[in-house]
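What follows is one structure encoded as structure tokens, with my remarks underneath.
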Amino acid sequence: MIVYKLLKKPFFGQFMVNWRNPLTENEKKNWKEISVLSKSGAILSGLYAITDNPKATIVLGHPMGKEAKGFFLKNGYTDLLLSNGYNVVIFDINGFGESSMGNFSFYEDIVSISKKAKELFPNLQIGYHGISLGGQYATISFADDSHCYDFAIIESAPTTLDEFWIHFPFAYKALKLFNVFMPKYKTKINMVERIKEAKRLKSILFIYSDTDNWATSGMGKRFHENSAVLSELWTVPVAKHAMIIKSDFSDQYKQKIVAYFDHSINT
């Protein structure tokens with residue numbers, strides 16, 4: 001997988017670093033480790049925690065960053081879900097955190113982890129919440145016949161790779177070169193088109209910020225309009241990319257997440 005590591009360097013090199021667990025030794029006791037073989041060629045590393053009398057299981061897909069799955073631990077997502085009656089599964093997308101390096105098909109990781117979640121909790125519905133990178137590639141995962149998700153939140157997800165990487169000149173040039181040599185793959189990972197093939201899901205909630213320049217609320221509108229399943233678009237007026245949880249609208253945001261999951265398990 002050395003070749004993939006080199007090819008990914010223009011895009012993700014600064015974020016694919018040794019992972020640091022933000023949990024204390026006492027907190028780690030509440031989590032169990034899992035590893036999953038993905039069709040991306042990677043061994044995915046994850047953690048899961050169980051709550052009393054769970055309503056459902058929620059898989060969390062992280063944004064691009066050094067924190068990887070730790071993003072959800074540090075920013076209160078896992079505590080929010082566990083305290084509201086949901087089991088939680090977090091994992092590192094291939095090449096990030098503790099997961100080994102795989103190819104560029106991150107959507108395979110999201111499908112693979114859904115199967116593991118269903119294996120762990122066969123009698124519970126499986127929900128998904130993906131942010132930025134973890135949301136963008138999930139839109140392709142939902143077109144896969146074998147995914148196990150019943151409902152999902154997609155947050156701060158760009159509609160295409162070109163529209164995101166254009167903000168980063170060196171990476172954008174590398175992407176344009178890849179597109180020349182892999183035109184069929186470019187079509188396969190056109191997120192805003194692949195959402196038209198979404199299946200099995202009861203619904204999708206799209207969440208965006210009106211001040212996010214990397215994943216605009218207009219992108220959320222396009223996903224919403226193209227979704228093959230029932231969907232809703234919810235926006236906040238002001239928040240940094242992938243950081244609505246830390247914005248002035250954090251409380252409303254948390255309430256929206258829990259309300260959506262609570263509603264979804266009963267429909």
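Ordered as shown in the structure tokens, chains take letters A, B, and onward, while each chain numbers its residues from 1 and ligands are numbered from 1 in the order shown.
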Who sits within 12 Å of Gly13 of chain A, only C-alpha atoms, same chain under 2 positions skipped, as an MDAnalysis selection string: chainID A and resid 4:11 15:18 64:66 95:96 101 171
Write out as a list in words each polymer residue whose atoms come within 8 Å of segment 141-147 of chain A, counting only C-alpha atoms; drop sequence neighbours fewer than 3 positions from it.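 Counting only the stated atoms, we get Tyr107, Glu108, Ile110, Val111, Ser112, Ser114, Lys115, Tyr137, Ala138, Arg194, Ile195, Glu197, Ala198, Lys199, Arg200 and Leu201 of chain A.
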Would you mind exporting the chosen residues as a compact mmCIF listing (two decimals), in the first residue's frame, restricted to N, CA and C atoms?
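The result, stored in selection17.txt:
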```
# COMPACT_ATOMS: atom_id res chain seq x y z
N TYR A 107 -15.55 4.88 0.39
CA TYR A 107 -16.93 4.43 0.55
C TYR A 107 -17.01 2.95 0.90
N GLU A 108 -16.01 2.18 0.48
CA GLU A 108 -15.98 0.76 0.84
C GLU A 108 -15.81 0.59 2.35
N ILE A 110 -16.98 2.59 4.63
CA ILE A 110 -18.24 2.93 5.27
C ILE A 110 -19.24 1.79 5.14
N VAL A 111 -19.21 1.10 4.00
CA VAL A 111 -20.06 -0.09 3.82
C VAL A 111 -19.60 -1.20 4.76
N SER A 112 -18.29 -1.43 4.81
CA SER A 112 -17.75 -2.52 5.62
C SER A 112 -18.04 -2.33 7.11
N SER A 114 -20.54 -0.79 8.36
CA SER A 114 -21.98 -1.00 8.59
C SER A 114 -22.28 -2.48 8.80
N LYS A 115 -21.59 -3.32 8.06
CA LYS A 115 -21.79 -4.77 8.20
C LYS A 115 -21.30 -5.25 9.57
N TYR A 137 -18.29 10.58 1.25
CA TYR A 137 -18.15 9.24 0.68
C TYR A 137 -19.31 8.32 1.06
N ALA A 138 -20.02 8.66 2.13
CA ALA A 138 -21.19 7.85 2.50
C ALA A 138 -22.27 7.93 1.43
N ARG A 194 -24.39 10.09 -7.50
CA ARG A 194 -24.58 8.76 -6.90
C ARG A 194 -25.68 8.75 -5.82
N ILE A 195 -25.96 9.93 -5.24
CA ILE A 195 -27.02 9.98 -4.23
C ILE A 195 -28.37 9.64 -4.86
N GLU A 197 -28.86 7.13 -6.50
CA GLU A 197 -28.96 5.67 -6.45
C GLU A 197 -29.09 5.14 -5.01
N ALA A 198 -29.24 6.04 -4.06
CA ALA A 198 -29.34 5.62 -2.65
C ALA A 198 -30.48 4.64 -2.47
N LYS A 199 -30.24 3.63 -1.66
CA LYS A 199 -31.25 2.60 -1.44
C LYS A 199 -31.23 2.14 0.01
N ARG A 200 -32.28 1.46 0.41
CA ARG A 200 -32.44 0.84 1.72
C ARG A 200 -32.75 1.84 2.83
N LEU A 201 -32.22 3.05 2.74
CA LEU A 201 -32.43 4.06 3.77
C LEU A 201 -33.88 4.51 3.82
```
Expected answer as a PDB file with C-alpha atoms, in the first residue's frame: strand (DSSP E or B) residues in segment 81-247 of chain A:
```pdb
ATOM      1  CA  TYR A  86     -27.812   4.843  21.349  1.00  0.00           C
ATOM      2  CA  ASN A  87     -24.940   2.414  20.996  1.00  0.00           C
ATOM      3  CA  VAL A  88     -22.025   4.057  19.194  1.00  0.00           C
ATOM      4  CA  VAL A  89     -19.480   2.740  16.700  1.00  0.00           C
ATOM      5  CA  ILE A  90     -16.553   4.951  15.639  1.00  0.00           C
ATOM      6  CA  PHE A  91     -13.833   4.001  13.170  1.00  0.00           C
ATOM      7  CA  ILE A 126     -28.199   1.008  12.226  1.00  0.00           C
ATOM      8  CA  GLY A 127     -27.939   4.759  11.741  1.00  0.00           C
ATOM      9  CA  TYR A 128     -25.051   6.779  10.332  1.00  0.00           C
ATOM     10  CA  HIS A 129     -23.702  10.279  10.895  1.00  0.00           C
ATOM     11  CA  GLY A 130     -20.907  11.330   8.579  1.00  0.00           C
ATOM     12  CA  ILE A 131     -19.220  14.726   8.583  1.00  0.00           C
ATOM     13  CA  PHE A 151     -31.198   6.158   8.203  1.00  0.00           C
ATOM     14  CA  ALA A 152     -28.433   8.750   8.044  1.00  0.00           C
ATOM     15  CA  ILE A 153     -27.198  12.271   8.688  1.00  0.00           C
ATOM     16  CA  ILE A 154     -24.848  13.754   6.094  1.00  0.00           C
ATOM     17  CA  GLU A 155     -23.164  16.921   7.322  1.00  0.00           C
ATOM     18  CA  ILE A 204     -31.430  11.236   5.106  1.00  0.00           C
ATOM     19  CA  LEU A 205     -30.968  14.483   7.025  1.00  0.00           C
ATOM     20  CA  PHE A 206     -28.540  16.906   5.370  1.00  0.00           C
ATOM     21  CA  ILE A 207     -26.954  19.464   7.723  1.00  0.00           C
ATOM     22  CA  TYR A 208     -25.006  22.518   6.526  1.00  0.00           C
ATOM     23  CA  SER A 209     -23.810  25.959   7.563  1.00  0.00           C
ATOM     24  CA  SER A 231     -34.640  13.722   2.822  1.00  0.00           C
ATOM     25  CA  GLU A 232     -34.529  17.001   4.715  1.00  0.00           C
ATOM     26  CA  LEU A 233     -32.082  19.912   4.567  1.00  0.00           C
ATOM     27  CA  TRP A 234     -31.376  21.749   7.820  1.00  0.00           C
ATOM     28  CA  THR A 235     -28.956  24.679   8.019  1.00  0.00           C
ATOM     29  CA  VAL A 236     -27.464  26.974  10.631  1.00  0.00           C
TER      30      VAL A 236
END
```
For Thr24 of chain A, which of A:Lys202, A:Lys74, A:Lys116, A:His62 is the closest residue, counting only C-alpha atoms?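 Distance minimum relative to Thr24 of chain A lands on A:Lys74.
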Surrounding residues of segment 188-192 of chain A excluding itself and chain neighbours under 3 positions, 6 Å, only C-alpha atoms, as a list in words: Thr139, Thr159, Thr160, Tyr185, Ile195 and Phe223 of chain A
Taking only C-alpha atoms into account, which of A:Ala242, A:Leu230, A:Met219, A:Ile113 comes nearest Asn94 of chain A?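 Smallest distance to Asn94 of chain A is found for A:Ile113.
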Give me every alpha helix (DSSP H) residue in segment 213-243 of chain A, going by DSSP on the backbone, as a list in words.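 Taking segment 213-243 of chain A and keeping alpha helix (DSSP H) only, one gets Ser217, Gly218, Met219, Gly220, Lys221, Arg222, Phe223, His224, Glu225 and Asn226 of chain A.
Atom to atom, atom CA of Thr211 of chain A and atom CA of Thr78 of chain A stand 25.7 Å apart.
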Rank nothing, just name the residue among A:Ala174, A:Leu133, A:Ala68, A:Ile265 nearest to Leu44 of chain A, using only C-alpha atoms. A:Ala68
Just the number, please: distance in Å from atom CA of Ala215 of chain A to atom CA of Pro158 of chain A, one decimal.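 Computing the Euclidean distance for atom CA of Ala215 of chain A and atom CA of Pro158 of chain A yields 4.7 Å.
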I'd like the neighbourhood of Gly102 of chain A as a list in words, where a residue qualifies if any of its atoms comes within 6 Å (using only C-alpha atoms), though same-chain residues fewer than 5 positions away should be ignored. Ser40, Gly41, Ala42 and Asn94 of chain A
